[in-house]
Amino acid sequence: MNAPPVTPLLQVEDLRCTFDVSKPWLNRLIEGEPRRSLKAVDGVSFDITRGETFALVGESGCGKSTVARLVVGLYQPDGGRIVFDGEDPAQLDAARRQKLRRRFQMIFQDPYASLNPRWRVDRIIAEPIRVFGLMREDAQIRRRVAELLTLVGLSPADGTRYPHEFSGGQRQRICIARALANNPEFLVCDEPTSALDVSVQAQILNLMKDLQDEFGLTYLFISHDLAVVRHMANRVGVMYLGRLVEIADSRTLFEQARHPYTRMLLATIPDISMSGQARPAAQGEVPNPITPPPGCTFHPRCALADERCRREPPQLLPAGPARHAACHAVQEGRDAAPALRHDTD
Amino acid sequence: MAPPPLSPNDAPLLRVRGLRIEFPTRRGTLVAIDDVSFDVARGEVLGMVGESGAGKSLTGAAIIGLLEPPGRIAGGEILLHGRPIHALPPAEMRRIRGRHISMVFQDPLTSLNPLLTVGDQIVETILTHKPIGEQAARRRAVELLEEVGIPAPDQRIDHYPHQFSGGMRQRVVIALALCADPELIIADEPTTALDVSVQAQIIALLRRLCREHHTAVILVTHDMGVIAETADRVAVMYAGRIAEIGPVREVVKQPQHPYTRGLMGSIPVLGAGSRRLVQIDGAMPRLTAIPSGCAFHPRCGEAFARCREERPELLAAGHARAACWLYAGDNAAERAR
C-alpha cells in the first residue's frame with residue numbers, strides 16, 4: 001500500500017515555485033527596499049497512482065492551487081520536476097509535449113470566470129477537440145459535443161445557448177464536459193465545488209465519481225474543505241505555507257492524523273453530527289508567506305513546538321504505515337495524541 | 001449591561017410577521033421574500049440557512065432597515081419589543097441601528113473604513129449611541145478590543161484596518177457591533193470570507209459574547225455545520241420562504257421537510273467516509289419563475305397533487321414546523337396512494 005510497484009501516473013519531485021512580489025522598480029529605489037519573493041511552493045513531492053484521487057488540502061495561501069497550475073503547465077516551476085507517465089514535459093519537443101498534454105485537463109474553481117461569455121456552449125466544449133486536432137469533420141464534432149453534454153447531465157440542445165443562461169452548477173457541468181472532450185486520463189480539479197451551494201456540490205461530486213468509475217480517471221483534487229476531501233480522495237496531502245506537512249491514506253489521515261496542523265484543521269470542522277463534544281479552538285492565523293517563521297513554519301501555532309522546531313525545518317519522513325509527516329515531534333514521538341474528535345462510526 | 005427592556009420580558013425581542021419583499025422591475029414585480037414569519041427571543045441565536053438566492057440575507061437586511069432600493073417591504077411587519085420598525089423614517093431607524101440592532105457583515109475589509117483607525121471607528125460609534133465623554137469612550141474601546149481577543153489592544157487601537165489580518169479584522173467588526181450593547185446582532189455570513197481555522201475562532205467568540213451580554217443573534221449562513229454548532233433554533237429558507245423552522249437539534253438530526261432532508265444528506269460528513277451523497281436534482285427556481293403551490297414540488301420526490309396547486313403554510317412536524325403538505329392531517333390518505 002505504501003509504495004505501489006507500478007509506475008505512478010504522475011510523479012512530482014521537489015517542486016518549487018517562487019513569485020516576485022517586489023514593489024515596482026522606482027518605489028524600491030526611493031524607499032530603499034530590496035526585492036521580495038514569495039515561496040508559493042517549496043519542495044513538494046508526491047506520486048499519484050493511476051485511477052486514484054489524490055487530494056491537496058490547506059488554507060488559502062498554502063500553495064495548493066499553485067501546485068495544480070504547475071502540474072498542468074500554467075506556471076513554470078523554478079525547481080524540481082513533474083513526470084507524467086514516465087515522461088517529463090519540460091524535456092520533450094513541442095510536438096511530443098502537445099501529445100502528452102492531450103492526456104490531462106483541468107477544472108477550475110469559478111465556473112463564472114472560466115467560460116468565455118461570448119462563445120456558445122458547443123463551441124466551448126469543442127475547443128479542445130479542435131485545438132488537439134482530434135476530429136476534423138463538423139458533423140463528427142457535433143456528435144461528440146452532444147455526447148459530452150449528455151454525459152454530464154445536460155441536454156444536447158443546451159449547446160446552442162450561452163454560459164450566462166446557466167446556473168453555477170450547470171456551468172461547472174459545462175466545464176467538466178470541456179475537460180473530458182479530449183478523453184484525458186488525468187484531471188486536475190482546483191476547488192471544483194467551492195463556488196457552489198451544498199446541494200449543487202453534491203450533484204457535481206456525485207458526477208465526478210461516476211465519471212471516474214466510467215472512464216478510470218485519475219484526479220488531483222484541490223480543496224480547503226476536509227469533509228469534501230474525505231468524501232472524494234483515496235490519499236491526501238496536507239499543505240501549509242508551501243510545504244507538504246503530512247501525506248497519508250485518506251482513512252489513515254482522517255481517523256488518526258499525526259501532524260499537529262492536520263489535527264488542528266480536523267478540529268476546526270463544525271460538528272454537524274452534534275455530538276456535543278467540546279473541541280479545542282485553533283490558535284492563531286496563517287503567517288504572511290513572504291516572511292515565514294524560521295524552522296518549522298507551523299511552530300508559532302503549535303502546542304508541541306520546542307527549540308528544534310524553531311530552528312530546523314522538518315523533513316517529510318515516513319511516520320507509520322501509509323503515512324509521511326514533516327514534524328520533529330512526530331519523529332521524536334513527542335506527539336502522544338489526545339483522543340481525536342471524529343470517530344468514524 | 002443590557003439596556004432596559006422597552007416592554008415586558010415575556011414578549012419576544014423581535015417579531016416578524018408576514019414579511020414580503022418586492023423588487024419592481026421593468027418586466028413586473030419580483031417577490032423575493034414572501035410571507036415570512038418568525039420570532040427571536042432575548043438572548044437566542046436563530047440560524048437562517050439556505051442556498052444562494054433563498055432570501056436569507058435579504059430578510060436580515062430588511063430587519064435592520066438596510067434593504068437596497070429598489071427592493072422594498074411590500075407587506076407584513078417587523079416588531080422590536082412590540083414596536084413596528086419596518087416603516088420608520090430614516091433618522092429614527094438610525095437611532096435603532098447600532099443601538100438596538102447591529103450588524104456583522106461577511107467581508108470585514110469592506111465593512112471597516114480604511115481611512116480611519118479602528119479606534120476612531122469604535123469611539124465614533126460609542127459616542128453616537130452613548131452619553132459618555134471621549135476619554136471614557138476610548139477606554140471602553142480598548143476594553144471591547146480586549147474582549148474580542150485582540151492582543152495588545154491599547155496599541156492596536158491606533159492601527160488601521162489594513163494592518164490587521166482577516167480574522168483580527170472580523171474581531172474588530174464584532175467589537176463595533178457590540179459598542180452600544182445592542183439586543184440583537186444580525187450576522188450575515190460572518191465567517192464565509194475567513195480561513196477554516198479562523199472560522200472556528202470567530203464562531204466561538206460570537207457565541208461566548210452573546211451569552212455574556214445576553215444578546216440575541218440572527219446568524220445568516222449557508223453552512224449547516226456553523227448553524228449546528230451555534231444556533232438554538234434554525235429557519236431553513238427556500239425560494240423566499242421558510243421551509244422549516246425549529247430547534248436546531250431536531251432540524252439537524254431529524255429534518256422533516258423533504259428539502260431539509262435532501263440538504264442535510266447532500267453535505268459530506270467526515271465520519272461517513274465516501275458514501276454517495278444524497279442528490280436533490282435541479283436547482284432552486286429563479287424569482288421570475290417560482291413554481292405554483294409549494295415552490296419545492298418540482299424537485300420533491302414526495303410531491304402529490306395538492307403540492308402543485310396549493311401553497312403550504314408552516315405546519316407542526318415532529319418538534320419543528322415545516323411548510324409541507326405531508327404534515328397536514330387530512331393528507332394521510334392521499335399520501336398513502
# chains A, B, ... in the order shown; residues from 1 in each chain; ligands from 1

call {"tool": "select_by_dssp", "arguments": {"residues": "stretch 97-238 of chain A", "states": "strand (DSSP E)", "output": "PyMOL selection string"}}
result
chain A and resi 104-107+186-190+218-223+235-238

call {"tool": "write_last_selection", "arguments": {"atoms": "N, CA and C atoms", "output": "mmCIF file, in the first residue's frame"}}
result
data_model
loop_
_atom_site.group_PDB
_atom_site.id
_atom_site.type_symbol
_atom_site.label_atom_id
_atom_site.label_comp_id
_atom_site.auth_asym_id
_atom_site.auth_seq_id
_atom_site.Cartn_x
_atom_site.Cartn_y
_atom_site.Cartn_z
ATOM 1 N N PHE A 104 -4.081 15.187 -20.197
ATOM 2 C CA PHE A 104 -4.643 15.723 -18.956
ATOM 3 C C PHE A 104 -5.357 17.052 -19.174
ATOM 4 N N GLN A 105 -6.227 17.373 -18.230
ATOM 5 C CA GLN A 105 -7.057 18.567 -18.334
ATOM 6 C C GLN A 105 -7.289 19.137 -16.947
ATOM 7 N N MET A 106 -7.896 20.324 -16.923
ATOM 8 C CA MET A 106 -8.093 20.988 -15.638
ATOM 9 C C MET A 106 -9.527 21.520 -15.515
ATOM 10 N N ILE A 107 -10.042 21.461 -14.297
ATOM 11 C CA ILE A 107 -11.337 22.082 -13.994
ATOM 12 C C ILE A 107 -11.068 23.163 -12.956
ATOM 13 N N PHE A 186 -6.231 12.093 -16.904
ATOM 14 C CA PHE A 186 -5.887 12.726 -15.636
ATOM 15 C C PHE A 186 -6.538 14.104 -15.570
ATOM 16 N N LEU A 187 -7.278 14.384 -14.502
ATOM 17 C CA LEU A 187 -7.924 15.685 -14.356
ATOM 18 C C LEU A 187 -7.407 16.370 -13.102
ATOM 19 N N VAL A 188 -7.022 17.632 -13.252
ATOM 20 C CA VAL A 188 -6.651 18.446 -12.107
ATOM 21 C C VAL A 188 -7.870 19.305 -11.775
ATOM 22 N N CYS A 189 -8.408 19.154 -10.578
ATOM 23 C CA CYS A 189 -9.633 19.853 -10.202
ATOM 24 C C CYS A 189 -9.298 20.818 -9.077
ATOM 25 N N ASP A 190 -9.322 22.096 -9.378
ATOM 26 C CA ASP A 190 -8.943 23.104 -8.396
ATOM 27 C C ASP A 190 -10.198 23.665 -7.743
ATOM 28 N N THR A 218 -8.048 9.628 -13.274
ATOM 29 C CA THR A 218 -7.221 9.904 -12.108
ATOM 30 C C THR A 218 -7.405 11.379 -11.778
ATOM 31 N N TYR A 219 -7.635 11.680 -10.509
ATOM 32 C CA TYR A 219 -7.868 13.075 -10.134
ATOM 33 C C TYR A 219 -6.779 13.603 -9.209
ATOM 34 N N LEU A 220 -6.350 14.832 -9.467
ATOM 35 C CA LEU A 220 -5.661 15.620 -8.442
ATOM 36 C C LEU A 220 -6.702 16.625 -7.979
ATOM 37 N N PHE A 221 -7.139 16.487 -6.733
ATOM 38 C CA PHE A 221 -8.297 17.219 -6.251
ATOM 39 C C PHE A 221 -7.834 18.235 -5.211
ATOM 40 N N ILE A 222 -8.019 19.515 -5.512
ATOM 41 C CA ILE A 222 -7.572 20.568 -4.610
ATOM 42 C C ILE A 222 -8.781 21.104 -3.868
ATOM 43 N N SER A 223 -8.710 21.187 -2.542
ATOM 44 C CA SER A 223 -9.847 21.712 -1.795
ATOM 45 C C SER A 223 -9.410 22.213 -0.430
ATOM 46 N N ARG A 235 -6.051 9.271 -1.249
ATOM 47 C CA ARG A 235 -4.888 9.715 -0.490
ATOM 48 C C ARG A 235 -4.936 11.223 -0.389
ATOM 49 N N VAL A 236 -4.375 11.746 0.688
ATOM 50 C CA VAL A 236 -4.485 13.172 0.964
ATOM 51 C C VAL A 236 -3.119 13.733 1.341
ATOM 52 N N GLY A 237 -2.805 14.893 0.796
ATOM 53 C CA GLY A 237 -1.623 15.640 1.220
ATOM 54 C C GLY A 237 -2.079 16.941 1.856
ATOM 55 N N VAL A 238 -1.548 17.242 3.034
ATOM 56 C CA VAL A 238 -1.936 18.479 3.719
ATOM 57 C C VAL A 238 -0.813 19.485 3.532
#

call {"tool": "residues_around", "arguments": {"residues": "stretch 5-18 of chain A", "least_positions_apart": "4", "cutoff": "7 Å", "atoms": "only C-alpha atoms", "output": "list of chain:residue names"}}
result
A:Ser37, A:Leu38, A:Lys39, A:Ala40, A:Val41, A:Asp42, A:Gly43, A:Val44, A:Ser45, A:Phe46, A:Asp47, A:Ile48, A:Thr49, A:Arg50, A:Pro77, A:Asp78, A:Gly79, A:Gly80, A:Arg81, A:Ile82, A:Val83, A:Phe84, A:Asp85

call {"tool": "residues_around", "arguments": {"residues": "stretch 212-216 of chain B", "least_positions_apart": "2", "cutoff": "10 Å", "atoms": "only C-alpha atoms", "output": "list of chain:residue names"}}
result
B:Met1, B:Ala2, B:Leu13, B:Leu14, B:Val40, B:Ala41, B:Arg42, B:Gly43, B:Glu44, B:Val45, B:Leu46, B:His100, B:Ile101, B:Leu178, B:Asp181, B:Pro182, B:Glu183, B:Leu184, B:Ile185, B:Ile186, B:Leu206, B:Arg207, B:Arg208, B:Leu209, B:Cys210, B:Ile218, B:Leu219

call {"tool": "write_last_selection", "arguments": {"atoms": "N, CA, C and O atoms", "output": "CSV table (one decimal), in the first residue's frame"}}
result
chain,number,residue,atom,x,y,z
B,1,MET,N,-25.7,45.7,32.2
B,1,MET,CA,-25.0,45.8,30.9
B,1,MET,C,-26.0,46.0,29.8
B,1,MET,O,-26.0,47.0,29.0
B,2,ALA,N,-27.0,45.2,29.7
B,2,ALA,CA,-28.0,45.3,28.6
B,2,ALA,C,-28.9,46.5,28.9
B,2,ALA,O,-29.2,46.8,30.1
B,13,LEU,N,-38.3,39.4,21.6
B,13,LEU,CA,-37.5,40.6,21.3
B,13,LEU,C,-37.9,41.1,19.9
B,13,LEU,O,-38.1,42.3,19.7
B,14,LEU,N,-37.9,40.2,19.0
B,14,LEU,CA,-38.2,40.6,17.6
B,14,LEU,C,-39.3,39.7,17.1
B,14,LEU,O,-39.3,38.5,17.3
B,40,VAL,N,-37.8,36.1,17.5
B,40,VAL,CA,-36.5,35.9,18.1
B,40,VAL,C,-36.6,36.3,19.5
B,40,VAL,O,-37.0,37.4,19.9
B,41,ALA,N,-36.3,35.3,20.5
B,41,ALA,CA,-36.4,35.6,21.9
B,41,ALA,C,-35.1,36.3,22.4
B,41,ALA,O,-34.1,36.3,21.7
B,42,ARG,N,-35.2,37.0,23.5
B,42,ARG,CA,-34.0,37.6,24.1
B,42,ARG,C,-32.9,36.6,24.3
B,42,ARG,O,-33.1,35.5,24.8
B,43,GLY,N,-31.7,36.9,23.8
B,43,GLY,CA,-30.5,36.1,24.1
B,43,GLY,C,-30.5,34.8,23.2
B,43,GLY,O,-29.6,34.0,23.4
B,44,GLU,N,-31.4,34.7,22.3
B,44,GLU,CA,-31.4,33.5,21.5
B,44,GLU,C,-30.6,33.6,20.2
B,44,GLU,O,-30.5,34.7,19.6
B,45,VAL,N,-30.0,32.5,19.7
B,45,VAL,CA,-29.3,32.5,18.4
B,45,VAL,C,-30.2,31.8,17.4
B,45,VAL,O,-30.5,30.6,17.6
B,46,LEU,N,-30.7,32.6,16.5
B,46,LEU,CA,-31.6,32.0,15.4
B,46,LEU,C,-30.7,31.8,14.2
B,46,LEU,O,-30.2,32.8,13.7
B,100,HIS,N,-29.9,49.3,19.1
B,100,HIS,CA,-30.7,48.1,19.5
B,100,HIS,C,-30.4,46.9,18.6
B,100,HIS,O,-30.4,45.8,19.0
B,101,ILE,N,-30.2,47.2,17.3
B,101,ILE,CA,-29.9,46.1,16.4
B,101,ILE,C,-28.6,46.5,15.7
B,101,ILE,O,-28.4,47.6,15.2
B,178,LEU,N,-20.8,45.4,19.0
B,178,LEU,CA,-21.1,45.3,20.4
B,178,LEU,C,-21.1,46.7,21.1
B,178,LEU,O,-21.5,46.7,22.3
B,181,ASP,N,-24.0,47.9,23.2
B,181,ASP,CA,-24.8,46.8,23.8
B,181,ASP,C,-26.1,46.6,23.2
B,181,ASP,O,-27.2,46.7,23.8
B,182,PRO,N,-26.1,46.2,21.9
B,182,PRO,CA,-27.4,46.0,21.2
B,182,PRO,C,-28.1,44.8,21.8
B,182,PRO,O,-27.5,43.9,22.4
B,183,GLU,N,-29.4,44.7,21.6
B,183,GLU,CA,-30.1,43.5,22.0
B,183,GLU,C,-30.1,42.4,20.9
B,183,GLU,O,-30.4,41.2,21.2
B,184,LEU,N,-29.8,42.8,19.7
B,184,LEU,CA,-29.9,41.9,18.6
B,184,LEU,C,-28.7,42.2,17.6
B,184,LEU,O,-28.5,43.3,17.2
B,185,ILE,N,-28.0,41.1,17.2
B,185,ILE,CA,-27.0,41.3,16.2
B,185,ILE,C,-27.4,40.4,15.0
B,185,ILE,O,-27.8,39.3,15.2
B,186,ILE,N,-27.3,41.0,13.8
B,186,ILE,CA,-27.6,40.3,12.6
B,186,ILE,C,-26.2,40.0,12.0
B,186,ILE,O,-25.5,40.9,11.6
B,206,LEU,N,-18.2,34.7,18.9
B,206,LEU,CA,-19.6,35.3,18.8
B,206,LEU,C,-20.5,34.6,19.8
B,206,LEU,O,-21.3,35.3,20.5
B,207,ARG,N,-20.4,33.3,19.9
B,207,ARG,CA,-21.2,32.6,20.9
B,207,ARG,C,-21.0,33.0,22.3
B,207,ARG,O,-21.9,33.2,23.1
B,208,ARG,N,-19.7,33.1,22.7
B,208,ARG,CA,-19.3,33.5,24.0
B,208,ARG,C,-19.9,34.9,24.4
B,208,ARG,O,-20.5,35.1,25.4
B,209,LEU,N,-19.6,35.8,23.5
B,209,LEU,CA,-20.0,37.2,23.7
B,209,LEU,C,-21.5,37.3,23.9
B,209,LEU,O,-22.0,38.1,24.7
B,210,CYS,N,-22.2,36.6,23.0
B,210,CYS,CA,-23.7,36.8,23.1
B,210,CYS,C,-24.3,36.2,24.3
B,210,CYS,O,-25.2,36.7,24.9
B,218,ILE,N,-29.2,36.8,14.9
B,218,ILE,CA,-29.7,36.1,13.8
B,218,ILE,C,-28.5,35.8,12.9
B,218,ILE,O,-27.8,36.7,12.4
B,219,LEU,N,-28.2,34.5,12.8
B,219,LEU,CA,-27.0,34.1,12.2
B,219,LEU,C,-27.3,33.6,10.8
B,219,LEU,O,-27.9,32.5,10.6

call {"tool": "closest_atom_pairs", "arguments": {"of": "chain B", "to": "chain A", "cutoff": "6 Å", "atoms": "only C-alpha atoms", "output": "CSV"}}
result
residue,atom,partner,partner_atom,distance
B:Glu51,CA,A:Asp197,CA,5.7
B:Asp195,CA,A:Glu59,CA,5.9
B:Ser197,CA,A:Thr268,CA,5.6
B:Ala200,CA,A:Thr268,CA,5.6
B:Gly225,CA,A:Ile272,CA,4.8
B:Val226,CA,A:Pro270,CA,5.7
B:Ala228,CA,A:Ile272,CA,5.6
B:Leu263,CA,A:Ser199,CA,5.9
B:Ser266,CA,A:Ala202,CA,5.3
B:Pro268,CA,A:Ala227,CA,5.4
B:Val269,CA,A:Ala227,CA,5.4
B:Leu270,CA,A:Ala227,CA,5.0
B:Gly271,CA,A:Thr344,CA,4.4
B:Gly273,CA,A:His231,CA,5.8
B:Ser274,CA,A:His231,CA,4.2
B:Leu277,CA,A:Ala202,CA,5.9
B:Gln279,CA,A:Gln203,CA,5.7

call {"tool": "write_last_selection", "arguments": {"atoms": "N, CA and C atoms", "output": "compact mmCIF listing (two decimals), in the first residue's frame"}}
result
# COMPACT_ATOMS: atom_id res chain seq x y z
N GLU B 51 -29.65 28.19 0.52
CA GLU B 51 -28.67 28.31 -0.56
C GLU B 51 -28.76 29.71 -1.15
N ASP B 195 -10.51 31.88 6.66
CA ASP B 195 -9.96 30.54 6.58
C ASP B 195 -10.60 29.63 7.61
N SER B 197 -9.53 27.60 9.84
CA SER B 197 -9.04 27.57 11.23
C SER B 197 -9.45 28.84 11.96
N ALA B 200 -13.60 28.90 13.07
CA ALA B 200 -13.99 28.31 14.35
C ALA B 200 -13.76 29.30 15.49
N GLY B 225 -23.06 23.34 9.17
CA GLY B 225 -22.18 22.99 10.28
C GLY B 225 -22.08 24.12 11.29
N VAL B 226 -21.95 25.34 10.80
CA VAL B 226 -21.87 26.51 11.68
C VAL B 226 -23.16 26.64 12.48
N ALA B 228 -25.28 24.22 13.21
CA ALA B 228 -25.40 23.12 14.17
C ALA B 228 -24.62 23.41 15.45
N LEU B 263 -31.07 18.49 1.81
CA LEU B 263 -29.95 19.39 2.10
C LEU B 263 -28.98 18.73 3.08
N SER B 266 -26.98 16.00 1.52
CA SER B 266 -26.03 16.39 0.47
C SER B 266 -24.72 16.91 1.04
N PRO B 268 -21.25 16.53 2.70
CA PRO B 268 -20.28 15.49 3.02
C PRO B 268 -19.92 15.57 4.50
N VAL B 269 -19.88 14.42 5.16
CA VAL B 269 -19.59 14.38 6.59
C VAL B 269 -18.34 13.54 6.79
N LEU B 270 -17.47 13.98 7.69
CA LEU B 270 -16.21 13.27 7.90
C LEU B 270 -16.41 11.82 8.27
N GLY B 271 -17.29 11.57 9.24
CA GLY B 271 -17.44 10.22 9.74
C GLY B 271 -18.04 9.25 8.74
N GLY B 273 -17.31 8.59 5.66
CA GLY B 273 -16.50 8.03 4.60
C GLY B 273 -16.89 8.55 3.25
N SER B 274 -16.92 7.69 2.24
CA SER B 274 -17.21 8.21 0.91
C SER B 274 -18.49 7.61 0.34
N LEU B 277 -23.45 10.83 -2.00
CA LEU B 277 -24.21 11.91 -1.38
C LEU B 277 -25.64 11.91 -1.89
N GLN B 279 -28.71 13.48 -3.47
CA GLN B 279 -28.69 14.48 -4.52
C GLN B 279 -30.10 15.02 -4.72

call {"tool": "residues_around", "arguments": {"residues": "B:Thr128", "least_positions_apart": "4", "cutoff": "10 Å", "atoms": "only C-alpha atoms", "output": "ChimeraX atom specification"}}
result
/B:95,98-99,122-124,132,179-180

call {"tool": "write_last_selection", "arguments": {"atoms": "N, CA, C and O atoms", "output": "compact mmCIF listing (two decimals), in the first residue's frame"}}
result
# COMPACT_ATOMS: atom_id res chain seq x y z
N ARG B 95 -31.36 55.61 14.85
CA ARG B 95 -31.21 55.51 16.30
C ARG B 95 -31.36 54.07 16.79
O ARG B 95 -30.84 53.69 17.82
N GLY B 98 -27.54 49.97 15.38
CA GLY B 98 -26.33 50.20 16.19
C GLY B 98 -26.67 50.15 17.66
O GLY B 98 -26.01 49.48 18.43
N ARG B 99 -27.76 50.85 18.06
CA ARG B 99 -28.14 50.90 19.47
C ARG B 99 -28.89 49.64 19.89
O ARG B 99 -28.57 49.02 20.89
N ILE B 122 -14.51 52.83 16.44
CA ILE B 122 -15.25 52.33 17.61
C ILE B 122 -15.71 53.50 18.48
O ILE B 122 -16.85 53.55 18.92
N VAL B 123 -14.79 54.45 18.71
CA VAL B 123 -15.14 55.61 19.54
C VAL B 123 -16.31 56.37 18.94
O VAL B 123 -17.25 56.76 19.63
N GLU B 124 -16.27 56.57 17.62
CA GLU B 124 -17.35 57.28 16.94
C GLU B 124 -18.70 56.59 17.20
O GLU B 124 -19.71 57.23 17.51
N ILE B 132 -21.52 59.40 26.87
CA ILE B 132 -20.27 59.45 27.63
C ILE B 132 -19.24 60.29 26.89
O ILE B 132 -19.39 60.57 25.69
N CYS B 179 -20.54 47.70 20.45
CA CYS B 179 -20.30 49.01 21.06
C CYS B 179 -21.41 49.51 21.97
O CYS B 179 -21.17 49.98 23.07
N ALA B 180 -22.64 49.47 21.47
CA ALA B 180 -23.73 50.10 22.19
C ALA B 180 -24.59 49.08 22.92
O ALA B 180 -25.75 49.35 23.23

call {"tool": "closest_residue", "arguments": {"among": "B:Ala283, B:Thr25, B:Leu144, B:Arg15", "to": "B:Arg83", "atoms": "only C-alpha atoms"}}
result
B:Arg15

call {"tool": "select_by_dssp", "arguments": {"residues": "stretch 68-216 of chain A", "states": "helix (DSSP H, G or I)", "output": "MDAnalysis selection string"}}
result
chainID A and resid 68:72 89:91 94:101 121:131 138:151 156:160 163:165 168:180 198:215

call {"tool": "atom_distance", "arguments": {"atom1": "atom CA of B:Val142", "atom2": "atom CA of B:Arg171"}}
result
12.8 Å

call {"tool": "residues_around", "arguments": {"residues": "A:Arg258", "least_positions_apart": "3", "cutoff": "8 Å", "atoms": "only C-alpha atoms", "output": "PyMOL selection string"}}
result
chain A and resi 246+253+262-263+325+330+335+337

call {"tool": "write_last_selection", "arguments": {"atoms": "all heavy atoms", "output": "mmCIF file, in the first residue's frame"}}
result
data_model
loop_
_atom_site.group_PDB
_atom_site.id
_atom_site.type_symbol
_atom_site.label_atom_id
_atom_site.label_comp_id
_atom_site.auth_asym_id
_atom_site.auth_seq_id
_atom_site.Cartn_x
_atom_site.Cartn_y
_atom_site.Cartn_z
ATOM 1 N N GLU A 246 1.896 16.614 5.777
ATOM 2 C CA GLU A 246 1.515 15.222 6.033
ATOM 3 C C GLU A 246 0.885 14.654 4.768
ATOM 4 O O GLU A 246 0.105 15.325 4.097
ATOM 5 C CB GLU A 246 0.524 15.138 7.213
ATOM 6 C CG GLU A 246 0.169 13.718 7.611
ATOM 7 C CD GLU A 246 -0.444 13.614 9.014
ATOM 8 O OE1 GLU A 246 -0.665 14.657 9.647
ATOM 9 O OE2 GLU A 246 -0.694 12.488 9.458
ATOM 10 N N LEU A 253 -5.465 9.189 7.523
ATOM 11 C CA LEU A 253 -5.345 10.601 7.889
ATOM 12 C C LEU A 253 -6.532 11.058 8.721
ATOM 13 O O LEU A 253 -6.380 11.727 9.733
ATOM 14 C CB LEU A 253 -5.232 11.463 6.632
ATOM 15 C CG LEU A 253 -4.926 12.921 6.928
ATOM 16 C CD1 LEU A 253 -3.430 13.128 6.985
ATOM 17 C CD2 LEU A 253 -5.531 13.844 5.901
ATOM 18 N N THR A 262 -2.535 19.168 10.852
ATOM 19 C CA THR A 262 -3.675 18.373 10.370
ATOM 20 C C THR A 262 -4.688 18.191 11.495
ATOM 21 O O THR A 262 -5.902 18.308 11.281
ATOM 22 C CB THR A 262 -3.195 16.991 9.901
ATOM 23 O OG1 THR A 262 -2.022 17.153 9.112
ATOM 24 C CG2 THR A 262 -4.256 16.301 9.089
ATOM 25 N N ARG A 263 -4.170 17.928 12.681
ATOM 26 C CA ARG A 263 -5.092 17.727 13.812
ATOM 27 C C ARG A 263 -5.856 18.996 14.115
ATOM 28 O O ARG A 263 -7.047 18.970 14.414
ATOM 29 C CB ARG A 263 -4.305 17.256 15.041
ATOM 30 C CG ARG A 263 -3.678 15.917 14.747
ATOM 31 C CD ARG A 263 -3.389 15.034 15.946
ATOM 32 N NE ARG A 263 -2.956 15.670 17.139
ATOM 33 C CZ ARG A 263 -1.805 15.394 17.763
ATOM 34 N NH1 ARG A 263 -0.968 14.527 17.243
ATOM 35 N NH2 ARG A 263 -1.512 15.972 18.879
ATOM 36 N N ALA A 325 5.063 12.344 7.472
ATOM 37 C CA ALA A 325 4.763 13.607 8.146
ATOM 38 C C ALA A 325 6.047 14.406 8.289
ATOM 39 O O ALA A 325 7.127 13.846 8.445
ATOM 40 C CB ALA A 325 4.153 13.342 9.522
ATOM 41 N N VAL A 330 6.571 14.390 15.815
ATOM 42 C CA VAL A 330 6.123 13.068 15.398
ATOM 43 C C VAL A 330 7.321 12.128 15.329
ATOM 44 O O VAL A 330 7.284 10.999 15.831
ATOM 45 C CB VAL A 330 5.399 13.146 14.043
ATOM 46 C CG1 VAL A 330 5.173 11.754 13.478
ATOM 47 C CG2 VAL A 330 4.073 13.879 14.189
ATOM 48 N N ASP A 335 4.395 13.279 20.237
ATOM 49 C CA ASP A 335 3.048 13.706 19.848
ATOM 50 C C ASP A 335 1.963 12.840 20.451
ATOM 51 O O ASP A 335 0.925 12.641 19.849
ATOM 52 C CB ASP A 335 2.916 13.721 18.328
ATOM 53 C CG ASP A 335 2.992 12.328 17.750
ATOM 54 O OD1 ASP A 335 3.728 11.497 18.323
ATOM 55 O OD2 ASP A 335 2.321 12.059 16.745
ATOM 56 N N ALA A 337 -0.986 11.611 21.228
ATOM 57 C CA ALA A 337 -2.134 12.368 20.743
ATOM 58 C C ALA A 337 -3.290 12.330 21.716
ATOM 59 O O ALA A 337 -3.629 11.265 22.237
ATOM 60 C CB ALA A 337 -2.577 11.811 19.409
#

call {"tool": "closest_residue", "arguments": {"among": "B:Val252, B:Val16, B:Ala317, B:Ala62", "to": "B:His81", "atoms": "only C-alpha atoms"}}
result
B:Val16

call {"tool": "atom_distance", "arguments": {"atom1": "atom CA of A:Leu56", "atom2": "atom CA of B:Glu189"}}
result
25.8 Å

call {"tool": "closest_residue", "arguments": {"among": "A:Gln212, A:Asn116, A:Ser22, A:Gln315", "to": "A:Arg171", "atoms": "only C-alpha atoms"}}
result
A:Asn116
